[in-house]
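Here's the structure we're looking at; comments come further down.
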Amino acid sequence: MTDLAAAWTALEAAARTDSATRIVDLFAAEPDRLARLSVEAAGLTLDLSKQPWSAAGLTAALDLARAAGVEARRGRQFAGEAINVTENRAVLHMALRAPDGADWQAVGKPVSAGVEAVRKAMAAFVAEVREGRLRGATGKAFTTVLHIGIGGSDLGPRMVWRALKPLVPQVDVAFVGNVDPADIAAAMARLDPETTLVVVASKTFTTQETMANAAAAKAWLQGKLGPAADDHFAACSTNLEACAAFGIPPERVFGFEDWVGGRYSIWSAVGLSVAIGLGWEAFADFLAGAAAMDEHFRRAPLERNAPVLLALAHVFNRNGLGRPVRVVEPYSDRLGLLAAYLQQLEMESNGKRVTEAGAPVSHATSTAVFGNAGTNDQHAFFQMLHQGTDIIPVDFVAVARADEGPPRQHAILLANAIAQAQALMTGSANAEEPHRHFPGDRPSSFILLDRLTPHALGALLALYEHKVFVEGTLWGVDSFDQWGVELGKTLAGKVLAELEGGEPGAHDPSTAALIGRLR
Ligand code: F6P
């Protein structure tokens, strides 16, 4: 048996042993538990003491991390080695948020000067738009950015904007992602073409949905403004030629490189729209928060390393205790899109069934993630969390201090977050009335931000990015490719051709019937 296989076996045995003890009883057995399982990182506090592991369980998990070579692979990632093996690319989103003067290399090629040049160009463009120096075709200042993108070119900017947008934004940001014509139609109905700047975000600049929406936006603007509509476009992409072919002048194209994965691209030029909406200073703070988490991840010992511990807690549940689903529940309405963002980050990264080398994985991989915002979900699916037949671990995310609204309501919000985590763990016995019995012993993590600042949000997202890296390392998968999205894309092309009158192809009966009905 290899060291890694032995470490997995030990983790599974430790989890079996720990499952015999209630989490709440582990506090009495382990006086140092809370301190040992609480970590401060980049301004965030992470409490993993309500997870189902004992001290021995945690040791087994840390041993697994060591046996899987987390530290060595982390070193290879930060050194810019091509750890995205199936695409032969480095994975260096950390280079995008490092302070000026850094010296990152992607497979031996220096990249930091290029990163800084794009950041400088973005900052200048942001100032031009916000100060009204850059104007639309009819001489009016831009009041809205319409951000067009999908997947990683949408979820990050959309989530960050909802989290950080000022109550009364100086420049508003609107989003269109879905190819459903209702999405772009709603934007066109409510936006003023004279004051709308369209930012097309697409790493490849070939994504069907984004190209369709960009073309629709172009037709809409040209219909109102004529050829001068081109002045209303900017782009964020690695494909500079395609941007030029679309008619966007080079000075309006903000580039990035193939070592930035789509779901890791909010730190790149893909953040342009929110940088315009928030102002450059706030966007720079967002980058700095993530950079602080990068430093923590790189330097903290494994047993005090927040992303490592969060990954191990999740893997302990996923693999040690066979729990395939997890809830992410921010008690912050502004973080209401966090779970949607993490669905791509976690499930597109680690929803894999073969290893880097192409062999079947030895253990189940990504958990399915869902969640919206507390307290709303307490009145929706929390019933199942408390009394359902499956145990679904929760990541609670809370913000200590509110920035707006009636202060008492923030206290109510926090009280609910704390109480839900407590209720899940402690339960409440009721032998007489089974419907009122709460079994408890349901695990959760608690992540606390002091305030929902750009810095804290940057740190939070980087925490999850590195967590995904650690998990991918334990499972042995390439967390940075996404081949699983390709088949559907290819088939959609064929089906579309048939829906538009092309020759019917060979299909299974169900698919053929649907095409026949809808063509
Ligand atoms: O869904 C597949 C995917 O490639 C994602 O990884 C990516 O974030 C999204 O499509 C959008 O891609 P692009 O930024 O190239 O338009």
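Identifiers for the structure tokens are assigned positionally: chains receive A, B, ... in sequence, residues are indexed from 1 per chain, and ligands are indexed from 1 in the order shown.
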Worksheet item: Could you name the residues that touch Val470 of chain A at 10 Å or less, counting only C-alpha atoms, but leaving out those on the same chain fewer than 4 positions away, as an MDAnalysis selection string?
Response: chainID A and resid 65 68:71 73:74 307:312 315 464:466 474:476 479
Those residues you just picked out, can you put them in a file as a PDB file, in the first residue's frame with N, CA and C atoms?
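Dumped everything to selection-v9.pdb:
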```pdb
ATOM      1  N   ALA A  65      -3.034  15.137   4.100  1.00  0.00           N
ATOM      2  CA  ALA A  65      -2.549  16.290   3.324  1.00  0.00           C
ATOM      3  C   ALA A  65      -1.051  16.154   3.045  1.00  0.00           C
ATOM      4  N   ALA A  68      -0.401  13.380   0.502  1.00  0.00           N
ATOM      5  CA  ALA A  68      -0.799  13.763  -0.858  1.00  0.00           C
ATOM      6  C   ALA A  68       0.144  14.813  -1.447  1.00  0.00           C
ATOM      7  N   GLY A  69       1.057  15.321  -0.622  1.00  0.00           N
ATOM      8  CA  GLY A  69       2.032  16.287  -1.127  1.00  0.00           C
ATOM      9  C   GLY A  69       1.464  17.684  -1.337  1.00  0.00           C
ATOM     10  N   VAL A  70       0.568  18.088  -0.439  1.00  0.00           N
ATOM     11  CA  VAL A  70      -0.044  19.423  -0.590  1.00  0.00           C
ATOM     12  C   VAL A  70       1.020  20.519  -0.597  1.00  0.00           C
ATOM     13  N   GLU A  71       1.984  20.407   0.322  1.00  0.00           N
ATOM     14  CA  GLU A  71       2.981  21.485   0.406  1.00  0.00           C
ATOM     15  C   GLU A  71       3.823  21.549  -0.875  1.00  0.00           C
ATOM     16  N   ARG A  73       3.020  20.511  -3.880  1.00  0.00           N
ATOM     17  CA  ARG A  73       2.238  20.949  -5.043  1.00  0.00           C
ATOM     18  C   ARG A  73       1.921  22.438  -4.937  1.00  0.00           C
ATOM     19  N   ARG A  74       1.688  22.901  -3.719  1.00  0.00           N
ATOM     20  CA  ARG A  74       1.499  24.333  -3.516  1.00  0.00           C
ATOM     21  C   ARG A  74       2.749  25.084  -3.991  1.00  0.00           C
ATOM     22  N   PRO A 307      -7.118  27.669   4.489  1.00  0.00           N
ATOM     23  CA  PRO A 307      -7.631  26.909   3.345  1.00  0.00           C
ATOM     24  C   PRO A 307      -7.408  25.405   3.493  1.00  0.00           C
ATOM     25  N   VAL A 308      -6.270  25.015   4.072  1.00  0.00           N
ATOM     26  CA  VAL A 308      -5.983  23.591   4.246  1.00  0.00           C
ATOM     27  C   VAL A 308      -6.985  22.975   5.218  1.00  0.00           C
ATOM     28  N   LEU A 309      -7.219  23.659   6.338  1.00  0.00           N
ATOM     29  CA  LEU A 309      -8.131  23.106   7.347  1.00  0.00           C
ATOM     30  C   LEU A 309      -9.564  23.044   6.825  1.00  0.00           C
ATOM     31  N   LEU A 310      -9.966  24.071   6.079  1.00  0.00           N
ATOM     32  CA  LEU A 310     -11.330  24.056   5.532  1.00  0.00           C
ATOM     33  C   LEU A 310     -11.479  22.888   4.544  1.00  0.00           C
ATOM     34  N   ALA A 311     -10.469  22.707   3.709  1.00  0.00           N
ATOM     35  CA  ALA A 311     -10.499  21.579   2.758  1.00  0.00           C
ATOM     36  C   ALA A 311     -10.580  20.253   3.510  1.00  0.00           C
ATOM     37  N   LEU A 312      -9.782  20.121   4.561  1.00  0.00           N
ATOM     38  CA  LEU A 312      -9.752  18.844   5.294  1.00  0.00           C
ATOM     39  C   LEU A 312     -11.084  18.581   6.003  1.00  0.00           C
ATOM     40  N   VAL A 315     -13.364  17.373   3.311  1.00  0.00           N
ATOM     41  CA  VAL A 315     -13.011  16.021   2.868  1.00  0.00           C
ATOM     42  C   VAL A 315     -13.343  14.991   3.961  1.00  0.00           C
ATOM     43  N   TYR A 464     -11.473  30.144  -0.424  1.00  0.00           N
ATOM     44  CA  TYR A 464     -12.153  29.035  -1.109  1.00  0.00           C
ATOM     45  C   TYR A 464     -11.339  28.548  -2.317  1.00  0.00           C
ATOM     46  N   GLU A 465     -10.703  29.465  -3.034  1.00  0.00           N
ATOM     47  CA  GLU A 465      -9.872  29.017  -4.169  1.00  0.00           C
ATOM     48  C   GLU A 465      -8.794  28.046  -3.700  1.00  0.00           C
ATOM     49  N   HIS A 466      -8.110  28.421  -2.629  1.00  0.00           N
ATOM     50  CA  HIS A 466      -7.022  27.550  -2.166  1.00  0.00           C
ATOM     51  C   HIS A 466      -7.567  26.258  -1.549  1.00  0.00           C
ATOM     52  N   LEU A 474      -5.680  16.346  -2.896  1.00  0.00           N
ATOM     53  CA  LEU A 474      -5.978  15.088  -2.176  1.00  0.00           C
ATOM     54  C   LEU A 474      -6.615  14.068  -3.117  1.00  0.00           C
ATOM     55  N   TRP A 475      -7.493  14.547  -3.976  1.00  0.00           N
ATOM     56  CA  TRP A 475      -8.202  13.625  -4.868  1.00  0.00           C
ATOM     57  C   TRP A 475      -7.375  13.275  -6.109  1.00  0.00           C
ATOM     58  N   GLY A 476      -6.321  14.048  -6.332  1.00  0.00           N
ATOM     59  CA  GLY A 476      -5.435  13.742  -7.459  1.00  0.00           C
ATOM     60  C   GLY A 476      -5.960  14.194  -8.811  1.00  0.00           C
ATOM     61  N   SER A 479      -7.661  20.310 -11.152  1.00  0.00           N
ATOM     62  CA  SER A 479      -8.759  21.221 -10.760  1.00  0.00           C
ATOM     63  C   SER A 479      -8.906  22.381 -11.735  1.00  0.00           C
TER      64      SER A 479
END
```
Please identify all polymer residues within 12 Å of Ala300 of chain A, counting only C-alpha atoms, omitting same-chain residues fewer than 4 positions from it, and present them as a PDB file with C-alpha atoms, in the first residue's frame.
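Listed below is the output, around-v2.pdb:
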```pdb
ATOM      1  CA  VAL A  39      -7.775  30.182  12.830  1.00  0.00           C
ATOM      2  CA  GLU A  40      -7.278  33.822  11.909  1.00  0.00           C
ATOM      3  CA  ALA A  41      -6.204  34.404   8.337  1.00  0.00           C
ATOM      4  CA  ALA A  42      -6.037  37.637   6.325  1.00  0.00           C
ATOM      5  CA  GLU A  71       2.981  21.485   0.406  1.00  0.00           C
ATOM      6  CA  ARG A  74       1.499  24.333  -3.516  1.00  0.00           C
ATOM      7  CA  ALA A 292      -3.081  38.507   2.010  1.00  0.00           C
ATOM      8  CA  MET A 293      -4.805  35.101   1.915  1.00  0.00           C
ATOM      9  CA  ASP A 294      -2.263  33.924  -0.674  1.00  0.00           C
ATOM     10  CA  GLU A 295       0.531  34.799   1.716  1.00  0.00           C
ATOM     11  CA  HIS A 296      -1.207  32.989   4.554  1.00  0.00           C
ATOM     12  CA  ARG A 304      -2.847  26.511  11.222  1.00  0.00           C
ATOM     13  CA  ASN A 305      -3.565  27.017   7.531  1.00  0.00           C
ATOM     14  CA  ALA A 306      -7.146  28.178   6.919  1.00  0.00           C
ATOM     15  CA  PRO A 307      -7.631  26.909   3.345  1.00  0.00           C
ATOM     16  CA  VAL A 308      -5.983  23.591   4.246  1.00  0.00           C
ATOM     17  CA  LEU A 309      -8.131  23.106   7.347  1.00  0.00           C
TER      18      LEU A 309
END
```
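DSSP on the backbone gives strand (DSSP E or B) for these parts of segment 403-480 of chain A: Ser428, Phe438, Ser444, Ser445, Phe446, Ile447, Leu448, Leu449, Asp450 and Arg451 of chain A.
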Keeping only N, CA and C atoms, write the selected residues to a file as a compact mmCIF listing (two decimals), in the first residue's frame.
```txt
# COMPACT_ATOMS: atom_id res chain seq x y z
N SER A 428 -32.01 18.74 20.02
CA SER A 428 -32.88 18.90 21.19
C SER A 428 -33.72 17.63 21.30
N PHE A 438 -35.00 16.87 17.63
CA PHE A 438 -33.90 17.32 16.77
C PHE A 438 -32.68 16.47 17.08
N SER A 444 -20.90 21.99 11.12
CA SER A 444 -20.80 23.24 10.35
C SER A 444 -19.45 23.89 10.58
N SER A 445 -19.10 24.75 9.63
CA SER A 445 -17.96 25.66 9.78
C SER A 445 -18.54 27.05 9.98
N PHE A 446 -17.80 27.91 10.63
CA PHE A 446 -18.29 29.28 10.81
C PHE A 446 -17.16 30.22 10.39
N ILE A 447 -17.45 31.02 9.37
CA ILE A 447 -16.45 31.97 8.87
C ILE A 447 -16.95 33.36 9.17
N LEU A 448 -16.13 34.12 9.88
CA LEU A 448 -16.56 35.45 10.30
C LEU A 448 -15.70 36.54 9.65
N LEU A 449 -16.37 37.47 8.98
CA LEU A 449 -15.71 38.66 8.46
C LEU A 449 -16.01 39.78 9.45
N ASP A 450 -15.06 40.67 9.66
CA ASP A 450 -15.34 41.78 10.56
C ASP A 450 -16.35 42.72 9.89
N ARG A 451 -16.04 43.17 8.69
CA ARG A 451 -16.99 43.95 7.88
C ARG A 451 -16.92 43.42 6.46
```
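If only C-alpha atoms are the atoms counted, then among A:Asp285, A:Asp3, A:Ala106, A:Ala82 the closest residue to Ala67 of chain A is A:Asp3.
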Item to complete: Return as a count of residues only the residues of protein, DNA or RNA that approach ligand 1 to within 7 Å, with only C-alpha atoms and all ligand atoms taken into account.
Response: 17
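Take atom CA of Gly57 of chain A and atom CA of Gly320 of chain A: the distance between them is 9.6 Å.
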Fill in: Proximity to Ser349 of chain A - best of A:Asp231, A:Glu471, A:Glu303, A:Glu433, only C-alpha atoms
A:Glu471
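Compared by their closest atoms to Glu209 of chain A, and using only C-alpha atoms, the residues A:Asp172, A:Glu81, A:Asp183, A:Glu329 rank with A:Asp183 nearest.
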If you count only C-alpha atoms, which residues fall within 10 Å of Ala5 of chain A, apart from same-chain ones fewer than 3 positions away, as a PDB file with C-alpha atoms, in the first residue's frame?
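What ended up in selection.pdb:
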```
ATOM      1  CA  MET A   1       0.000   0.000   0.000  1.00  0.00           C
ATOM      2  CA  THR A   2       1.353   3.468  -0.858  1.00  0.00           C
ATOM      3  CA  TRP A   8      -6.746   7.516   3.157  1.00  0.00           C
ATOM      4  CA  THR A   9      -7.398   4.286   5.034  1.00  0.00           C
ATOM      5  CA  ALA A  10      -6.342   5.947   8.285  1.00  0.00           C
ATOM      6  CA  LEU A  11      -8.619   8.928   7.602  1.00  0.00           C
ATOM      7  CA  LEU A  64      -3.427  12.761   4.461  1.00  0.00           C
ATOM      8  CA  ALA A  67       0.953  12.169   2.129  1.00  0.00           C
ATOM      9  CA  ALA A  68      -0.799  13.763  -0.858  1.00  0.00           C
ATOM     10  CA  SER A 362      -9.712   6.375  -5.716  1.00  0.00           C
TER      11      SER A 362
END
```
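Using only C-alpha atoms, the smallest distance between any of A:Leu452, A:Leu96, A:Leu414, A:Ala284 and Arg334 of chain A comes from A:Leu452.
Of note, atom CA of Ala364 of chain A and atom CA of Ala61 of chain A are spaced 15.7 Å apart.
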Fill in: Point-to-point distance from atom CA of Met347 of chain A to atom CA of Ser38 of chain A, Å rounded to tenths
26.3 Å
Segment 118-151 of chain A residues near segment 233-240 of chain A within 10 Å, closest pair each, using only C-alpha atoms, as a Markdown table:
```
| residue | atom | partner | partner_atom | distance |
| --- | --- | --- | --- | --- |
| A:Phe125 | CA | A:Ala234 | CA | 10.0 |
| A:Gly136 | CA | A:Phe233 | CA | 9.7 |
| A:Val145 | CA | A:Phe233 | CA | 9.7 |
| A:Leu146 | CA | A:Phe233 | CA | 9.5 |
| A:His147 | CA | A:Ala235 | CA | 9.5 |
| A:Ile148 | CA | A:Ala235 | CA | 9.4 |
| A:Gly149 | CA | A:Cys236 | CA | 9.7 |
```
Worksheet item: Can you list, as a count of residues only, every protein, DNA or RNA residue that comes within 8 Å of Ala127 of chain A when you count only C-alpha atoms, leaving out same-chain residues fewer than 3 positions away?
Response: 7
Discussion item. So that I can check the surroundings of segment 101-103 of chain A, please list as a list in words every protein, DNA and RNA residue that reaches within 12 Å of it, counting only C-alpha atoms and ignoring chain neighbours fewer than 6 positions away.
Written reply: Phe78, Ala79, Gly80, Leu92, Met94, Ala95, Lys109, Pro110, Val111, Ser112, Ala113, Gly114, Val115, Glu116, Ala117 and Ala291 of chain A
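Considering only C-alpha atoms, the residue among A:Ala228, A:Ser366, A:Ala189, A:Leu338 positioned nearest to Gly351 of chain A is A:Ser366.
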Discussion item. Residues within 12 Å of segment 222-227 of chain A, please, as a PyMOL selection string. Count only C-alpha atoms; anything in the same chain fewer than 6 positions from it doesn't count.
Written reply: chain A and resi 136-139+188+192-196+215-216+233+247
